[in-house]
$ cat upload-v5.cif   # mmCIF, N, CA, C and O atoms
data_structure
loop_
_atom_site.label_atom_id
_atom_site.label_comp_id
_atom_site.auth_asym_id
_atom_site.auth_seq_id
_atom_site.Cartn_x
_atom_site.Cartn_y
_atom_site.Cartn_z
N MET J 1 35.67 -11.18 -9.39
CA MET J 1 35.89 -9.86 -8.83
C MET J 1 35.06 -9.74 -7.55
O MET J 1 33.88 -10.08 -7.55
N SER J 2 35.65 -9.24 -6.51
CA SER J 2 34.93 -9.11 -5.25
C SER J 2 33.94 -7.94 -5.31
O SER J 2 34.04 -7.06 -6.17
N LYS J 3 33.00 -7.93 -4.40
CA LYS J 3 32.03 -6.83 -4.33
C LYS J 3 32.74 -5.52 -4.07
O LYS J 3 32.40 -4.48 -4.65
N GLU J 4 33.74 -5.54 -3.20
CA GLU J 4 34.47 -4.32 -2.87
C GLU J 4 35.19 -3.76 -4.11
O GLU J 4 35.14 -2.57 -4.38
N THR J 5 35.82 -4.64 -4.87
CA THR J 5 36.51 -4.21 -6.08
C THR J 5 35.52 -3.67 -7.11
O THR J 5 35.77 -2.66 -7.75
N SER J 6 34.39 -4.34 -7.23
CA SER J 6 33.35 -3.88 -8.15
C SER J 6 32.84 -2.50 -7.76
O SER J 6 32.67 -1.62 -8.60
N LEU J 7 32.59 -2.30 -6.47
CA LEU J 7 32.10 -1.01 -6.00
C LEU J 7 33.13 0.10 -6.19
O LEU J 7 32.80 1.22 -6.56
N GLU J 8 34.39 -0.21 -5.95
CA GLU J 8 35.45 0.77 -6.18
C GLU J 8 35.53 1.15 -7.65
O GLU J 8 35.68 2.32 -8.01
N SER J 9 35.40 0.16 -8.53
CA SER J 9 35.43 0.43 -9.97
C SER J 9 34.24 1.29 -10.38
O SER J 9 34.40 2.26 -11.12
N LEU J 10 33.07 0.95 -9.89
CA LEU J 10 31.87 1.73 -10.19
C LEU J 10 32.01 3.16 -9.70
O LEU J 10 31.69 4.11 -10.41
N THR J 11 32.51 3.34 -8.51
CA THR J 11 32.69 4.67 -7.94
C THR J 11 33.62 5.50 -8.82
O THR J 11 33.42 6.70 -8.98
N GLY J 12 34.63 4.87 -9.40
CA GLY J 12 35.54 5.57 -10.29
C GLY J 12 34.88 6.07 -11.57
O GLY J 12 35.29 7.07 -12.15
N TRP J 13 33.83 5.37 -12.01
CA TRP J 13 33.12 5.75 -13.23
C TRP J 13 32.05 6.82 -12.99
O TRP J 13 31.64 7.51 -13.92
N LEU J 14 31.56 6.95 -11.77
CA LEU J 14 30.43 7.85 -11.51
C LEU J 14 30.64 9.29 -11.96
O LEU J 14 29.71 9.91 -12.48
N PRO J 15 31.84 9.88 -11.83
CA PRO J 15 32.00 11.26 -12.31
C PRO J 15 31.78 11.43 -13.81
O PRO J 15 31.53 12.53 -14.29
N PHE J 16 31.84 10.34 -14.56
CA PHE J 16 31.67 10.40 -16.00
C PHE J 16 30.25 10.05 -16.44
O PHE J 16 29.96 9.99 -17.63
N CYS J 17 29.37 9.81 -15.48
CA CYS J 17 28.00 9.39 -15.76
C CYS J 17 27.02 10.54 -15.58
O CYS J 17 27.22 11.40 -14.73
N GLU J 18 25.98 10.51 -16.39
CA GLU J 18 24.88 11.45 -16.24
C GLU J 18 23.72 10.68 -15.62
O GLU J 18 23.26 9.69 -16.17
N LEU J 19 23.27 11.12 -14.46
CA LEU J 19 22.19 10.45 -13.77
C LEU J 19 20.92 11.29 -13.86
O LEU J 19 20.98 12.52 -13.84
N PHE J 20 19.79 10.63 -13.99
CA PHE J 20 18.52 11.34 -14.01
C PHE J 20 17.43 10.45 -13.45
O PHE J 20 17.59 9.24 -13.38
N SER J 21 16.35 11.06 -13.06
CA SER J 21 15.23 10.31 -12.51
C SER J 21 14.26 9.93 -13.63
O SER J 21 14.00 10.72 -14.53
N ALA J 22 13.74 8.73 -13.52
CA ALA J 22 12.71 8.31 -14.48
C ALA J 22 11.41 9.04 -14.14
O ALA J 22 11.06 9.20 -12.98
N ASP J 23 10.73 9.49 -15.18
CA ASP J 23 9.46 10.18 -14.97
C ASP J 23 8.36 9.43 -15.71
O ASP J 23 8.58 8.34 -16.24
N LEU J 24 7.19 10.02 -15.74
CA LEU J 24 6.07 9.35 -16.41
C LEU J 24 6.33 9.12 -17.89
O LEU J 24 5.84 8.15 -18.46
N ASN J 25 7.10 10.00 -18.53
CA ASN J 25 7.42 9.81 -19.95
C ASN J 25 8.20 8.52 -20.16
O ASN J 25 7.98 7.80 -21.13
N VAL J 26 9.14 8.24 -19.25
CA VAL J 26 9.94 7.01 -19.37
C VAL J 26 9.04 5.79 -19.23
O VAL J 26 9.14 4.83 -20.00
N PHE J 27 8.11 5.82 -18.28
CA PHE J 27 7.23 4.68 -18.09
C PHE J 27 6.24 4.52 -19.24
O PHE J 27 5.91 3.42 -19.64
N GLY J 28 5.80 5.64 -19.81
CA GLY J 28 4.95 5.56 -21.00
C GLY J 28 5.70 4.96 -22.17
O GLY J 28 5.16 4.13 -22.92
N GLU J 29 6.96 5.38 -22.33
CA GLU J 29 7.80 4.82 -23.39
C GLU J 29 8.06 3.34 -23.13
O GLU J 29 8.07 2.53 -24.07
N ALA J 30 8.23 2.95 -21.89
CA ALA J 30 8.44 1.55 -21.54
C ALA J 30 7.24 0.70 -21.96
O ALA J 30 7.40 -0.39 -22.51
N LEU J 31 6.04 1.20 -21.73
CA LEU J 31 4.84 0.47 -22.15
C LEU J 31 4.79 0.29 -23.66
O LEU J 31 4.44 -0.77 -24.16
N ARG J 32 5.19 1.33 -24.40
CA ARG J 32 5.23 1.24 -25.87
C ARG J 32 6.24 0.17 -26.29
O ARG J 32 5.99 -0.64 -27.20
N LEU J 33 7.40 0.17 -25.63
CA LEU J 33 8.45 -0.80 -25.97
C LEU J 33 8.02 -2.23 -25.67
O LEU J 33 8.36 -3.16 -26.40
N ILE J 34 7.27 -2.42 -24.59
CA ILE J 34 6.75 -3.75 -24.27
C ILE J 34 5.85 -4.25 -25.38
O ILE J 34 5.96 -5.39 -25.82
N LYS J 35 4.99 -3.37 -25.87
CA LYS J 35 4.07 -3.76 -26.95
C LYS J 35 4.82 -4.03 -28.25
O LYS J 35 4.52 -4.98 -28.97
N ARG J 36 5.80 -3.19 -28.56
CA ARG J 36 6.48 -3.30 -29.85
C ARG J 36 7.55 -4.41 -29.87
O ARG J 36 7.69 -5.12 -30.86
N TYR J 37 8.32 -4.51 -28.79
CA TYR J 37 9.47 -5.43 -28.78
C TYR J 37 9.29 -6.62 -27.83
O TYR J 37 10.19 -7.43 -27.70
N ASP J 38 8.16 -6.67 -27.14
CA ASP J 38 7.87 -7.77 -26.22
C ASP J 38 8.90 -7.87 -25.09
O ASP J 38 9.27 -8.95 -24.65
N PHE J 39 9.38 -6.72 -24.62
CA PHE J 39 10.31 -6.68 -23.49
C PHE J 39 9.59 -7.00 -22.19
O PHE J 39 8.38 -6.79 -22.07
N GLN J 40 10.34 -7.46 -21.22
CA GLN J 40 9.86 -7.53 -19.84
C GLN J 40 9.87 -6.11 -19.28
O GLN J 40 10.58 -5.24 -19.79
N MET J 41 9.08 -5.86 -18.24
CA MET J 41 8.92 -4.49 -17.72
C MET J 41 10.26 -3.85 -17.34
O MET J 41 10.54 -2.73 -17.76
N PHE J 42 11.09 -4.55 -16.58
CA PHE J 42 12.35 -3.95 -16.15
C PHE J 42 13.23 -3.61 -17.35
O PHE J 42 13.82 -2.51 -17.41
N ASP J 43 13.34 -4.52 -18.31
CA ASP J 43 14.14 -4.26 -19.51
C ASP J 43 13.59 -3.07 -20.29
O ASP J 43 14.35 -2.24 -20.79
N ALA J 44 12.28 -2.97 -20.37
CA ALA J 44 11.66 -1.85 -21.08
C ALA J 44 11.97 -0.51 -20.41
O ALA J 44 12.23 0.48 -21.10
N VAL J 45 11.99 -0.48 -19.09
CA VAL J 45 12.33 0.76 -18.38
C VAL J 45 13.79 1.12 -18.61
O VAL J 45 14.12 2.30 -18.83
N VAL J 46 14.67 0.14 -18.62
CA VAL J 46 16.09 0.38 -18.89
C VAL J 46 16.26 0.95 -20.31
O VAL J 46 16.95 1.95 -20.52
N VAL J 47 15.62 0.32 -21.28
CA VAL J 47 15.73 0.78 -22.68
C VAL J 47 15.11 2.16 -22.83
O VAL J 47 15.69 3.04 -23.48
N ALA J 48 13.95 2.38 -22.24
CA ALA J 48 13.30 3.69 -22.32
C ALA J 48 14.17 4.77 -21.69
O ALA J 48 14.28 5.89 -22.21
N SER J 49 14.83 4.44 -20.59
CA SER J 49 15.74 5.40 -19.95
C SER J 49 16.93 5.71 -20.84
O SER J 49 17.36 6.86 -20.94
N ALA J 50 17.47 4.69 -21.50
CA ALA J 50 18.59 4.91 -22.43
C ALA J 50 18.16 5.79 -23.60
O ALA J 50 18.91 6.69 -24.02
N LEU J 51 16.97 5.57 -24.12
CA LEU J 51 16.46 6.42 -25.20
C LEU J 51 16.27 7.85 -24.73
O LEU J 51 16.63 8.80 -25.42
N GLU J 52 15.73 8.02 -23.52
CA GLU J 52 15.52 9.35 -22.95
C GLU J 52 16.85 10.09 -22.78
O GLU J 52 16.92 11.31 -22.93
N ALA J 53 17.91 9.35 -22.47
CA ALA J 53 19.23 9.94 -22.27
C ALA J 53 20.00 10.09 -23.59
O ALA J 53 21.18 10.46 -23.57
N ASP J 54 19.35 9.82 -24.71
CA ASP J 54 19.96 9.92 -26.04
C ASP J 54 21.19 9.03 -26.22
O ASP J 54 22.13 9.38 -26.92
N CYS J 55 21.16 7.86 -25.58
CA CYS J 55 22.25 6.89 -25.78
C CYS J 55 22.09 6.24 -27.14
O CYS J 55 20.98 6.10 -27.64
N ASN J 56 23.20 5.83 -27.73
CA ASN J 56 23.10 5.09 -28.98
C ASN J 56 23.52 3.63 -28.82
O ASN J 56 23.30 2.82 -29.71
N ILE J 57 24.13 3.29 -27.67
CA ILE J 57 24.48 1.91 -27.36
C ILE J 57 24.05 1.61 -25.93
O ILE J 57 24.25 2.42 -25.02
N LEU J 58 23.46 0.44 -25.75
CA LEU J 58 23.11 -0.07 -24.42
C LEU J 58 23.76 -1.44 -24.29
O LEU J 58 23.50 -2.33 -25.10
N TYR J 59 24.63 -1.59 -23.31
CA TYR J 59 25.29 -2.87 -23.08
C TYR J 59 24.45 -3.71 -22.12
O TYR J 59 24.12 -3.26 -21.03
N SER J 60 24.09 -4.90 -22.56
CA SER J 60 23.29 -5.80 -21.74
C SER J 60 23.53 -7.24 -22.18
O SER J 60 23.52 -7.53 -23.37
N GLU J 61 23.72 -8.11 -21.20
CA GLU J 61 23.83 -9.53 -21.52
C GLU J 61 22.47 -10.20 -21.49
O GLU J 61 22.35 -11.38 -21.83
N ASP J 62 21.43 -9.47 -21.10
CA ASP J 62 20.10 -10.05 -20.93
C ASP J 62 19.16 -9.82 -22.10
O ASP J 62 18.07 -10.36 -22.11
N MET J 63 19.55 -8.98 -23.03
CA MET J 63 18.67 -8.68 -24.16
C MET J 63 19.34 -9.13 -25.46
O MET J 63 20.51 -9.46 -25.48
N GLN J 64 18.57 -9.12 -26.53
CA GLN J 64 19.04 -9.62 -27.82
C GLN J 64 20.20 -8.79 -28.35
O GLN J 64 20.08 -7.58 -28.53
N HIS J 65 21.32 -9.45 -28.63
CA HIS J 65 22.51 -8.79 -29.16
C HIS J 65 22.22 -8.17 -30.53
O HIS J 65 21.58 -8.76 -31.38
N ASN J 66 22.66 -6.95 -30.72
CA ASN J 66 22.53 -6.18 -31.97
C ASN J 66 21.10 -5.76 -32.28
O ASN J 66 20.82 -5.34 -33.41
N LEU J 67 20.21 -5.85 -31.33
CA LEU J 67 18.84 -5.38 -31.56
C LEU J 67 18.86 -3.87 -31.67
O LEU J 67 19.38 -3.18 -30.80
N MET J 68 18.30 -3.34 -32.76
CA MET J 68 18.19 -1.90 -32.96
C MET J 68 16.81 -1.45 -32.53
O MET J 68 15.81 -1.98 -32.99
N ILE J 69 16.78 -0.48 -31.64
CA ILE J 69 15.53 0.05 -31.11
C ILE J 69 15.26 1.40 -31.76
O ILE J 69 16.06 2.34 -31.62
N ASP J 70 14.16 1.50 -32.47
CA ASP J 70 13.69 2.75 -33.08
C ASP J 70 14.75 3.46 -33.92
O ASP J 70 14.79 4.68 -33.98
N LYS J 71 15.64 2.70 -34.53
CA LYS J 71 16.72 3.25 -35.37
C LYS J 71 17.59 4.25 -34.60
O LYS J 71 18.20 5.14 -35.21
N LYS J 72 17.64 4.10 -33.26
CA LYS J 72 18.40 5.04 -32.43
C LYS J 72 19.36 4.35 -31.47
O LYS J 72 20.41 4.89 -31.16
N LEU J 73 18.97 3.18 -30.98
CA LEU J 73 19.70 2.54 -29.89
C LEU J 73 19.98 1.10 -30.25
O LEU J 73 19.08 0.36 -30.63
N THR J 74 21.24 0.69 -30.13
CA THR J 74 21.64 -0.69 -30.40
C THR J 74 21.99 -1.36 -29.09
O THR J 74 22.75 -0.82 -28.28
N ILE J 75 21.42 -2.54 -28.88
CA ILE J 75 21.76 -3.32 -27.69
C ILE J 75 22.91 -4.23 -28.03
O ILE J 75 22.86 -4.97 -29.01
N ILE J 76 23.95 -4.15 -27.22
CA ILE J 76 25.17 -4.93 -27.44
C ILE J 76 25.41 -5.82 -26.23
O ILE J 76 25.39 -5.33 -25.10
N ASN J 77 25.63 -7.11 -26.47
CA ASN J 77 26.05 -8.00 -25.41
C ASN J 77 27.58 -7.97 -25.37
O ASN J 77 28.23 -8.45 -26.29
N PRO J 78 28.16 -7.41 -24.32
CA PRO J 78 29.62 -7.26 -24.28
C PRO J 78 30.37 -8.58 -24.09
O PRO J 78 31.59 -8.62 -24.23
N PHE J 79 29.65 -9.65 -23.83
CA PHE J 79 30.29 -10.94 -23.59
C PHE J 79 30.29 -11.85 -24.82
O PHE J 79 30.74 -12.99 -24.73
N ILE J 80 29.80 -11.35 -25.93
CA ILE J 80 29.81 -12.15 -27.16
C ILE J 80 31.08 -11.86 -27.93
O ILE J 80 31.50 -10.78 -28.10
#
$ encode --input "upload-v5.cif" --output "structure tokens"
Amino acid sequence: MSKETSLESLTGWLPFCELFSADLNVFGEALRLIKRYDFQMFDAVVVASALEADCNILYSEDMQHNLMIDKKLTIINPFI
């Protein structure tokens, strides 16, 4: 898929997305997640943001498939 096609697809999804800024609570939660789940910093911020947004599924090919975080969030690898 070309970059242009990818960007057009993403733009089509934006009206259905809720965007928010990460705050100190997200970074504090990320530090907790690093200690508990041994995440890398970027992954921890992504997971902490998903928890803050009350998501129950996070799609990622970079994290462990079917990992349940705090009995609230399941990480799913969409390519498996």
$ residues_around --input "upload-v5.cif" --residues "stretch 58-64 of chain J" --least-positions-apart "5" --cutoff "8 Å" --atoms "only N, CA, C and O atoms" --output "PyMOL selection string"
chain J and resi 43+46-47+50+72-80
$ select_by_dssp --input "upload-v5.cif" --residues "chain J" --states "alpha helix (DSSP H)" --output "JSON, numbers by chain"
{"J": [3, 4, 5, 6, 7, 8, 9, 10, 11, 12, 13, 24, 25, 26, 27, 28, 29, 30, 31, 32, 33, 34, 35, 36, 37, 41, 42, 43, 44, 45, 46, 47, 48, 49, 50, 51, 52]}
$ residues_around --input "upload-v5.cif" --residues "stretch 23-40 of chain J" --least-positions-apart "6" --cutoff "8 Å" --atoms "only C-alpha atoms" --output "list in words"
Val47, Ala48, Ser49 and Glu52 of chain J
$ atom_distance --input "upload-v5.cif" --atom1 "atom O of J:Met41" --atom2 "atom O of J:Trp13"
23.8 Å
$ atom_distance --input "upload-v5.cif" --atom1 "atom N of J:Cys55" --atom2 "atom O of J:Ser21"
13.5 Å
$ atom_distance --input "upload-v5.cif" --atom1 "atom N of J:Ile69" --atom2 "atom C of J:Leu51"
10.8 Å
$ select_by_dssp --input "upload-v5.cif" --residues "chain J" --states "strand (DSSP E)" --output "list in words"
Ile57, Leu58, Tyr59, Leu67, Met68, Ile69, Leu73, Thr74, Ile75 and Ile76 of chain J
